[in-house]
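Enquirer: Input work.pdb, format and content: PDB, C-alpha atoms.
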```pdb
MODEL        1
ATOM      1  CA  MET A 295     -22.802 -12.653  26.661
ATOM      2  CA  THR A 296     -25.852 -14.701  25.669
ATOM      3  CA  LYS A 297     -25.248 -16.977  22.712
ATOM      4  CA  LYS A 298     -27.188 -15.915  19.593
ATOM      5  CA  VAL A 299     -26.305 -18.633  17.043
ATOM      6  CA  THR A 300     -25.700 -22.362  17.165
ATOM      7  CA  GLU A 301     -25.167 -25.137  14.636
ATOM      8  CA  GLN A 302     -26.301 -28.657  15.533
ATOM      9  CA  VAL A 303     -26.438 -32.095  13.940
ATOM     10  CA  GLY A 304     -28.863 -34.969  14.444
ATOM     11  CA  LYS A 305     -30.260 -38.078  12.842
ATOM     12  CA  THR A 306     -33.206 -35.944  11.694
ATOM     13  CA  VAL A 307     -33.709 -32.230  11.119
ATOM     14  CA  GLU A 308     -36.125 -32.086  14.055
ATOM     15  CA  GLU A 309     -33.593 -33.697  16.386
ATOM     16  CA  ALA A 310     -30.943 -31.167  15.360
ATOM     17  CA  ILE A 311     -33.394 -28.283  15.849
ATOM     18  CA  ARG A 312     -34.357 -29.579  19.293
ATOM     19  CA  LYS A 313     -30.698 -29.678  20.353
ATOM     20  CA  GLY A 314     -30.230 -26.102  19.168
ATOM     21  CA  LEU A 315     -33.274 -24.798  21.025
ATOM     22  CA  GLU A 316     -32.107 -26.395  24.237
ATOM     23  CA  GLU A 317     -28.583 -24.981  23.884
ATOM     24  CA  LEU A 318     -29.862 -21.455  23.197
ATOM     25  CA  LYS A 319     -32.599 -21.923  25.826
ATOM     26  CA  VAL A 320     -35.267 -20.383  23.601
ATOM     27  CA  SER A 321     -38.492 -21.575  22.021
ATOM     28  CA  ARG A 322     -38.921 -22.414  18.342
ATOM     29  CA  ASP A 323     -40.800 -19.155  17.772
ATOM     30  CA  ASP A 324     -37.725 -17.162  18.861
ATOM     31  CA  VAL A 325     -35.306 -18.359  16.187
ATOM     32  CA  LYS A 326     -34.625 -18.392  12.468
ATOM     33  CA  ILE A 327     -33.916 -21.961  11.316
ATOM     34  CA  GLU A 328     -31.659 -22.808   8.373
ATOM     35  CA  VAL A 329     -31.258 -26.417   7.226
ATOM     36  CA  LEU A 330     -27.604 -26.685   6.175
ATOM     37  CA  GLU A 331     -27.596 -30.386   5.339
ATOM     38  CA  GLU A 332     -30.390 -32.922   4.920
ATOM     39  CA  PRO A 333     -29.884 -36.374   6.471
ATOM     40  CA  SER A 334     -29.334 -39.415   4.288
ATOM     41  CA  ASN A 335     -29.136 -43.141   4.938
ATOM     42  CA  GLY A 336     -26.159 -45.365   4.288
ATOM     43  CA  GLY A 337     -27.095 -46.083   0.691
ATOM     44  CA  VAL A 338     -27.407 -49.522  -0.883
ATOM     45  CA  LEU A 339     -26.456 -52.219   1.632
ATOM     46  CA  GLY A 340     -24.977 -49.500   3.864
ATOM     47  CA  ILE A 341     -21.916 -49.185   1.652
ATOM     48  CA  LEU A 342     -21.983 -45.402   1.835
ATOM     49  CA  SER A 343     -21.733 -43.546   5.139
ATOM     50  CA  ALA A 344     -24.949 -42.142   6.553
ATOM     51  CA  LYS A 345     -25.049 -38.349   6.735
ATOM     52  CA  LEU A 346     -26.537 -36.466   9.680
ATOM     53  CA  ALA A 347     -28.846 -33.473   9.403
ATOM     54  CA  LYS A 348     -27.223 -30.131  10.169
ATOM     55  CA  VAL A 349     -29.045 -26.914  11.070
ATOM     56  CA  ARG A 350     -28.194 -23.364  12.094
ATOM     57  CA  LEU A 351     -30.405 -21.558  14.604
ATOM     58  CA  THR A 352     -30.184 -17.785  14.938
ATOM     59  CA  ILE A 353     -32.046 -15.792  17.565
ATOM     60  CA  ASP A 354     -34.058 -13.158  15.712
ATOM     61  CA  LYS A 355     -32.805  -9.578  15.751
ATOM     62  CA  LYS A 356     -34.830  -6.792  17.324
ATOM     63  CA  ILE A 357     -37.958  -5.852  15.430
ATOM     64  CA  SER A 358     -38.508  -2.398  14.010
ATOM     65  CA  GLU A 359     -41.518  -0.216  14.704
ATOM     66  CA  GLU A 360     -42.641  -0.800  11.112
ATOM     67  CA  GLN A 361     -42.485  -4.588  11.593
ATOM     68  CA  ALA A 362     -44.397  -4.280  14.852
ATOM     69  CA  THR A 363     -47.125  -2.126  13.326
ATOM     70  CA  ARG A 364     -47.580  -4.422  10.310
ATOM     71  CA  THR A 365     -47.632  -7.512  12.504
ATOM     72  CA  ILE A 366     -50.161  -6.039  14.930
ATOM     73  CA  GLU A 367     -52.458  -5.070  12.053
ATOM     74  CA  LYS A 368     -52.217  -8.560  10.546
ATOM     75  CA  VAL A 369     -52.835 -10.316  13.874
ATOM     76  CA  ASN A 370     -55.901  -8.150  14.456
ATOM     77  CA  ASP A 371     -57.219  -9.197  11.039
ATOM     78  CA  ILE A 372     -56.614 -12.885  11.819
ATOM     79  CA  LEU A 373     -58.334 -12.658  15.202
ATOM     80  CA  LYS A 374     -61.314 -10.695  13.873
ATOM     81  CA  ASN A 375     -61.965 -13.379  11.267
ATOM     82  CA  PHE A 376     -61.395 -16.171  13.783
ATOM     83  CA  PHE A 377     -63.723 -14.839  16.475
ATOM     84  CA  ASP A 378     -66.352 -13.755  13.917
ATOM     85  CA  ILE A 379     -66.514 -17.392  12.807
ATOM     86  CA  THR A 380     -66.541 -18.893  16.317
ATOM     87  CA  GLY A 381     -68.845 -16.226  17.746
ATOM     88  CA  GLU A 382     -66.877 -16.135  21.001
ATOM     89  CA  ASP A 383     -67.152 -13.205  23.391
ATOM     90  CA  VAL A 384     -63.554 -12.416  24.308
ATOM     91  CA  SER A 385     -61.404  -9.366  24.810
ATOM     92  CA  TYR A 386     -57.882  -9.148  23.478
ATOM     93  CA  THR A 387     -55.011  -6.732  23.001
ATOM     94  CA  VAL A 388     -52.074  -6.928  20.596
ATOM     95  CA  GLU A 389     -49.017  -4.828  21.430
ATOM     96  CA  LYS A 390     -45.243  -4.679  21.018
ATOM     97  CA  ASN A 391     -43.114  -5.803  23.948
ATOM     98  CA  GLY A 392     -39.362  -5.793  23.349
ATOM     99  CA  ASN A 393     -38.515  -8.232  20.550
ATOM    100  CA  GLN A 394     -41.964  -9.764  20.230
ATOM    101  CA  ILE A 395     -45.636  -8.999  19.826
ATOM    102  CA  ASN A 396     -47.848  -9.924  22.755
ATOM    103  CA  LEU A 397     -51.370 -11.161  22.118
ATOM    104  CA  THR A 398     -53.292 -11.146  25.414
ATOM    105  CA  ILE A 399     -56.727 -12.779  25.483
ATOM    106  CA  THR A 400     -59.150 -12.540  28.406
ATOM    107  CA  GLY A 401     -62.631 -13.911  28.974
ATOM    108  CA  GLU A 402     -64.773 -16.098  31.203
ATOM    109  CA  HIS A 403     -65.135 -18.966  28.738
ATOM    110  CA  VAL A 404     -61.754 -19.375  27.060
ATOM    111  CA  SER A 405     -60.395 -22.454  28.842
ATOM    112  CA  HIS A 406     -60.754 -24.425  25.591
ATOM    113  CA  LEU A 407     -58.156 -22.101  24.054
ATOM    114  CA  ILE A 408     -55.723 -23.097  26.812
ATOM    115  CA  GLY A 409     -56.305 -26.846  26.706
ATOM    116  CA  TYR A 410     -54.896 -29.654  28.803
ATOM    117  CA  LYS A 411     -51.557 -28.556  30.271
ATOM    118  CA  GLY A 412     -51.526 -25.587  27.898
ATOM    119  CA  LYS A 413     -51.274 -27.674  24.726
ATOM    120  CA  THR A 414     -53.973 -25.732  22.896
ATOM    121  CA  ILE A 415     -52.545 -22.306  23.699
ATOM    122  CA  GLU A 416     -49.173 -23.441  22.332
ATOM    123  CA  ALA A 417     -50.819 -24.821  19.193
ATOM    124  CA  PHE A 418     -52.776 -21.565  18.791
ATOM    125  CA  GLN A 419     -49.563 -19.544  19.110
ATOM    126  CA  SER A 420     -47.762 -21.751  16.579
ATOM    127  CA  LEU A 421     -50.696 -21.463  14.169
ATOM    128  CA  ILE A 422     -50.686 -17.662  14.271
ATOM    129  CA  ASN A 423     -46.920 -17.512  13.748
ATOM    130  CA  SER A 424     -47.139 -20.048  10.913
ATOM    131  CA  ILE A 425     -49.770 -17.931   9.146
ATOM    132  CA  LEU A 426     -47.642 -14.816   9.565
ATOM    133  CA  GLN A 427     -44.369 -16.399   8.424
ATOM    134  CA  ARG A 428     -45.999 -18.095   5.441
ATOM    135  CA  GLU A 429     -47.233 -14.725   4.199
ATOM    136  CA  ASP A 430     -44.147 -12.651   4.986
ATOM    137  CA  GLU A 431     -40.979 -13.658   6.865
ATOM    138  CA  GLU A 432     -40.565 -10.053   8.033
ATOM    139  CA  TYR A 433     -43.529 -10.312  10.380
ATOM    140  CA  ALA A 434     -42.506 -10.327  14.053
ATOM    141  CA  LYS A 435     -42.985 -13.295  16.395
ATOM    142  CA  VAL A 436     -46.181 -13.385  18.436
ATOM    143  CA  PHE A 437     -46.444 -14.555  22.044
ATOM    144  CA  VAL A 438     -49.939 -15.634  23.153
ATOM    145  CA  GLU A 439     -51.185 -15.335  26.737
ATOM    146  CA  ILE A 440     -54.697 -16.270  27.894
ATOM    147  CA  ASN A 441     -56.065 -15.299  31.325
ATOM    148  CA  ASP A 442     -52.501 -15.186  32.730
ATOM    149  CA  TYR A 443     -52.168 -18.951  32.230
ATOM    150  CA  LYS A 444     -48.517 -18.858  31.154
ATOM    151  CA  LYS A 445     -47.575 -16.378  33.872
ATOM    152  CA  LYS A 446     -49.035 -18.605  36.592
ATOM    153  CA  LYS A 447     -47.570 -21.722  34.995
ATOM    154  CA  GLU A 448     -44.116 -20.174  34.821
ATOM    155  CA  GLU A 449     -44.254 -19.174  38.488
ATOM    156  CA  LYS A 450     -45.094 -22.753  39.495
ATOM    157  CA  LEU A 451     -42.371 -24.218  37.279
ATOM    158  CA  ARG A 452     -39.733 -21.803  38.583
ATOM    159  CA  LYS A 453     -40.578 -22.765  42.163
ATOM    160  CA  LEU A 454     -40.465 -26.444  41.205
ATOM    161  CA  ALA A 455     -37.101 -25.982  39.481
ATOM    162  CA  ASN A 456     -35.478 -24.402  42.533
ATOM    163  CA  LYS A 457     -37.034 -26.890  44.933
ATOM    164  CA  MET A 458     -35.784 -29.849  42.905
ATOM    165  CA  ALA A 459     -32.358 -28.205  42.469
ATOM    166  CA  ALA A 460     -32.107 -27.874  46.253
ATOM    167  CA  ASN A 461     -33.018 -31.570  46.616
ATOM    168  CA  CYS A 462     -30.404 -32.485  44.014
ATOM    169  CA  VAL A 463     -27.686 -30.718  46.014
ATOM    170  CA  LYS A 464     -28.951 -31.900  49.395
ATOM    171  CA  PHE A 465     -29.225 -35.571  48.480
ATOM    172  CA  ARG A 466     -26.271 -35.481  46.064
ATOM    173  CA  ARG A 467     -28.070 -37.269  43.256
ATOM    174  CA  PRO A 468     -29.687 -36.349  39.905
ATOM    175  CA  ILE A 469     -33.368 -35.443  39.938
ATOM    176  CA  LYS A 470     -35.568 -36.475  37.009
ATOM    177  CA  LEU A 471     -38.663 -34.355  36.531
ATOM    178  CA  GLU A 472     -41.880 -35.654  35.016
ATOM    179  CA  PRO A 473     -42.275 -35.464  31.209
ATOM    180  CA  MET A 474     -42.950 -31.916  30.060
ATOM    181  CA  SER A 475     -43.634 -29.981  26.895
ATOM    182  CA  ALA A 476     -40.807 -28.112  25.182
ATOM    183  CA  TYR A 477     -42.209 -24.837  26.574
ATOM    184  CA  GLU A 478     -42.214 -26.173  30.143
ATOM    185  CA  ARG A 479     -38.714 -27.635  29.832
ATOM    186  CA  LEU A 480     -37.475 -24.297  28.531
ATOM    187  CA  ILE A 481     -38.673 -22.549  31.706
ATOM    188  CA  ILE A 482     -36.818 -25.065  33.896
ATOM    189  CA  HIS A 483     -33.613 -24.689  31.851
ATOM    190  CA  ARG A 484     -33.781 -20.891  31.985
ATOM    191  CA  GLU A 485     -34.497 -20.743  35.710
ATOM    192  CA  LEU A 486     -31.457 -22.839  36.613
ATOM    193  CA  ALA A 487     -29.103 -21.665  33.858
ATOM    194  CA  ASP A 488     -27.128 -19.245  36.065
ATOM    195  CA  ARG A 489     -26.750 -21.508  39.095
ATOM    196  CA  LYS A 490     -23.226 -22.575  39.981
ATOM    197  CA  ASP A 491     -24.172 -25.805  41.758
ATOM    198  CA  VAL A 492     -26.449 -27.584  39.276
ATOM    199  CA  GLU A 493     -26.940 -28.033  35.538
ATOM    200  CA  THR A 494     -29.819 -29.311  33.447
ATOM    201  CA  GLU A 495     -30.324 -31.459  30.385
ATOM    202  CA  SER A 496     -33.306 -32.992  28.591
ATOM    203  CA  ILE A 497     -33.487 -36.719  27.950
ATOM    204  CA  GLY A 498     -35.890 -39.100  26.217
ATOM    205  CA  GLU A 499     -38.129 -38.755  23.211
ATOM    206  CA  GLU A 500     -41.353 -36.805  22.773
ATOM    207  CA  PRO A 501     -43.873 -36.912  24.325
ATOM    208  CA  ARG A 502     -41.974 -38.451  27.278
ATOM    209  CA  ARG A 503     -39.033 -36.043  27.132
ATOM    210  CA  ARG A 504     -38.054 -34.701  30.554
ATOM    211  CA  VAL A 505     -35.509 -32.498  32.344
ATOM    212  CA  VAL A 506     -32.781 -33.969  34.539
ATOM    213  CA  ILE A 507     -31.149 -31.749  37.183
ATOM    214  CA  LYS A 508     -27.579 -32.747  38.103
ATOM    215  CA  ARG A 509     -24.912 -31.446  40.448
ATOM    216  CA  LYS A 510     -21.968 -29.744  38.758
ATOM    217  CA  TYR A 511     -18.735 -31.631  39.255
ATOM    218  CA  GLN A 512     -16.857 -28.547  40.428
ATOM    219  CA  TYR A 513     -19.372 -27.943  43.211
ATOM    220  CA  ARG A 514     -18.054 -28.475  46.746
TER     221      ARG A 514
ENDMDL
END
```
How does this structure look as structure tokens?
Expert:
Amino acid sequence: MTKKVTEQVGKTVEEAIRKGLEELKVSRDDVKIEVLEEPSNGGVLGILSAKLAKVRLTIDKKISEEQATRTIEKVNDILKNFFDITGEDVSYTVEKNGNQINLTITGEHVSHLIGYKGKTIEAFQSLINSILQREDEEYAKVFVEINDYKKKKEEKLRKLANKMAANCVKFRRPIKLEPMSAYERLIIHRELADRKDVETESIGEEPRRRVVIKRKYQYR
């Protein structure tokens, strides 16, 4: 059974959240975050013990049809205002898909909405979800896709993950991938999560954080 809740600690709230996302193998937009304890330093001259941040991450429950309808209406309002201001000629659809709302944008001149290595599309997605959650926490999460960029990116990353996993087993040594965004690392983790011969972990600090693929000790 897939894990739905995790509690994590870290020197900062963000570090604890990052650990939780990687354990659950989901993105930040897929969870409800509760800060259980704020971090504190060691006090005057370090006499008191430092306290770590502690958070609870819960994967959001399924959305109702009412939530979906309200979210779709709100997203359409946001996009209408946005594209009226920018004057861009794009086509888009907003529809429910399982436990999320999919916003699909298509057009000949929308590469600026994708950005270098998909950074802009992720920022755009986070912005929309931030607007929604600030207004009403009952709005559903929105997943943004532009000209099939994420679909193609995921296919490439899945192939890379399996190729590097095969190299890890063949050469019997850990494989460090190049630094990736949290979204890209998530795809690698998910792709290899069910394999019996390798396991993955993320190391380093942003923006140089990367995935390491290692052989499982029990593998023969």
Enquirer: Within 12 Å of (-37.6, -17.9, 10.5) (file coordinates; only C-alpha atoms), which protein or nucleic acid residues are there? I'd like them as a list in words.
Expert: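 Here the neighbourhood of the point contains Arg322, Asp323, Asp324, Val325, Lys326, Ile327, Glu328, Val329, Arg350, Leu351, Thr352, Ile353, Asp354, Lys355, Asn423, Ser424, Leu426, Gln427, Arg428, Glu429, Asp430, Glu431, Glu432, Tyr433, Ala434 and Lys435 of chain A.
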Enquirer: What is the distance between atom CA of A:Glu317 and atom CA of A:Gln419, in Å to one decimal?
Expert: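 Taking atom CA of A:Glu317 as the start and atom CA of A:Gln419 as the end point, the length is 22.2 Å.
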Enquirer: Applying the PyMOL selection byres ((chain A and resi 306) around 10) to the file I just gave you, which residues come out? Please list them as a ChimeraX atom specification.
Expert: /A:303-305,307-312,332-334,345-349
Enquirer: Which neighbours of A:Gly401 fall inside 10 Å, counting only C-alpha atoms, when residues of the same chain fewer than 3 positions from it are skipped, and could you give them as a VMD selection string?
Expert: chain A and resid 382 to 386 404 to 405 440 to 441
Enquirer: Provide the atom CA of A:Asp371 to atom CA of A:Ile415 distance in Å, to one decimal place.
Expert: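 Answer for the atom CA of A:Asp371 to atom CA of A:Ile415 separation: 18.8 Å.
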Enquirer: For A:Glu449, which residue among A:Ile482, A:Ile408, A:Leu471, A:Ala417 is the nearest when counting only C-alpha atoms?
Expert: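 Of all the options, A:Ile482 lies closest to A:Glu449.
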Enquirer: Tell me which of A:His406, A:Arg452, A:Lys411, A:Arg509 sits closest to A:Lys464, counting all atoms listed in the file.
Expert: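 Looking only at the distances to A:Lys464, the closest residue turns out to be A:Arg509.
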Enquirer: May I ask for the distance between atom CA of A:Val438 and atom CA of A:Leu318, given in Å to one decimal place?
Expert: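 A separation of 20.9 Å between them.
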Enquirer: Give as a PyMOL selection string the set of residues within 12 Å of the point (-41.5, -39.6, 22.9), where distances use the file's coordinates and only C-alpha atoms.
Expert: chain A and resi 309+473-476+496-504
Enquirer: I need the residues from that last selection saved to file as a PDB file, keeping the file's coordinate frame (with C-alpha atoms), if you can.
Expert:
```pdb
ATOM      1  CA  GLU A 309     -33.593 -33.697  16.386  1.00  0.00           C
ATOM      2  CA  PRO A 473     -42.275 -35.464  31.209  1.00  0.00           C
ATOM      3  CA  MET A 474     -42.950 -31.916  30.060  1.00  0.00           C
ATOM      4  CA  SER A 475     -43.634 -29.981  26.895  1.00  0.00           C
ATOM      5  CA  ALA A 476     -40.807 -28.112  25.182  1.00  0.00           C
ATOM      6  CA  SER A 496     -33.306 -32.992  28.591  1.00  0.00           C
ATOM      7  CA  ILE A 497     -33.487 -36.719  27.950  1.00  0.00           C
ATOM      8  CA  GLY A 498     -35.890 -39.100  26.217  1.00  0.00           C
ATOM      9  CA  GLU A 499     -38.129 -38.755  23.211  1.00  0.00           C
ATOM     10  CA  GLU A 500     -41.353 -36.805  22.773  1.00  0.00           C
ATOM     11  CA  PRO A 501     -43.873 -36.912  24.325  1.00  0.00           C
ATOM     12  CA  ARG A 502     -41.974 -38.451  27.278  1.00  0.00           C
ATOM     13  CA  ARG A 503     -39.033 -36.043  27.132  1.00  0.00           C
ATOM     14  CA  ARG A 504     -38.054 -34.701  30.554  1.00  0.00           C
TER      15      ARG A 504
END
```
Enquirer: Using all atoms listed in the file, which residues sit within 8 Å of A:Val388 once same-chain residues fewer than 2 positions away are excluded, as a VMD selection string?
Expert: chain A and resid 366 369 to 370 386 390 395 to 398
Enquirer: Any chance you could model N, CA and C atoms for stretch 379-396 of chain A and send them as a compact mmCIF listing (two decimals), in the frame of the given file?
Expert:
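Saved as out-v1.txt:
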```
# COMPACT_ATOMS: atom_id res chain seq x y z
N ILE A 379 -66.07 -16.05 13.17
CA ILE A 379 -66.51 -17.39 12.81
C ILE A 379 -66.99 -18.17 14.03
N THR A 380 -66.20 -18.11 15.12
CA THR A 380 -66.54 -18.89 16.32
C THR A 380 -67.64 -18.24 17.15
N GLY A 381 -67.82 -16.93 16.99
CA GLY A 381 -68.84 -16.23 17.75
C GLY A 381 -68.53 -16.09 19.22
N GLU A 382 -67.26 -16.18 19.59
CA GLU A 382 -66.88 -16.14 21.00
C GLU A 382 -66.79 -14.70 21.50
N ASP A 383 -67.19 -14.52 22.76
CA ASP A 383 -67.15 -13.20 23.39
C ASP A 383 -65.87 -13.09 24.22
N VAL A 384 -64.83 -12.55 23.62
CA VAL A 384 -63.55 -12.42 24.31
C VAL A 384 -63.01 -11.01 24.09
N SER A 385 -62.11 -10.63 24.97
CA SER A 385 -61.40 -9.37 24.81
C SER A 385 -59.94 -9.68 24.56
N TYR A 386 -59.30 -8.90 23.73
CA TYR A 386 -57.88 -9.15 23.48
C TYR A 386 -57.16 -7.86 23.11
N THR A 387 -55.87 -7.84 23.39
CA THR A 387 -55.01 -6.73 23.00
C THR A 387 -53.79 -7.30 22.28
N VAL A 388 -53.28 -6.54 21.32
CA VAL A 388 -52.07 -6.93 20.60
C VAL A 388 -51.12 -5.74 20.65
N GLU A 389 -49.95 -5.94 21.27
CA GLU A 389 -49.02 -4.83 21.43
C GLU A 389 -47.57 -5.30 21.40
N LYS A 390 -46.68 -4.38 21.07
CA LYS A 390 -45.24 -4.68 21.02
C LYS A 390 -44.67 -4.71 22.42
N ASN A 391 -43.81 -5.71 22.67
CA ASN A 391 -43.11 -5.80 23.95
C ASN A 391 -41.70 -6.31 23.68
N GLY A 392 -40.74 -5.40 23.63
CA GLY A 392 -39.36 -5.79 23.35
C GLY A 392 -39.22 -6.34 21.95
N ASN A 393 -38.78 -7.62 21.85
CA ASN A 393 -38.52 -8.23 20.55
C ASN A 393 -39.65 -9.13 20.08
N GLN A 394 -40.84 -8.93 20.64
CA GLN A 394 -41.96 -9.76 20.23
C GLN A 394 -43.26 -8.98 20.32
N ILE A 395 -44.29 -9.57 19.74
CA ILE A 395 -45.64 -9.00 19.83
C ILE A 395 -46.45 -9.85 20.80
N ASN A 396 -47.05 -9.21 21.76
CA ASN A 396 -47.85 -9.92 22.76
C ASN A 396 -49.33 -9.87 22.40
```
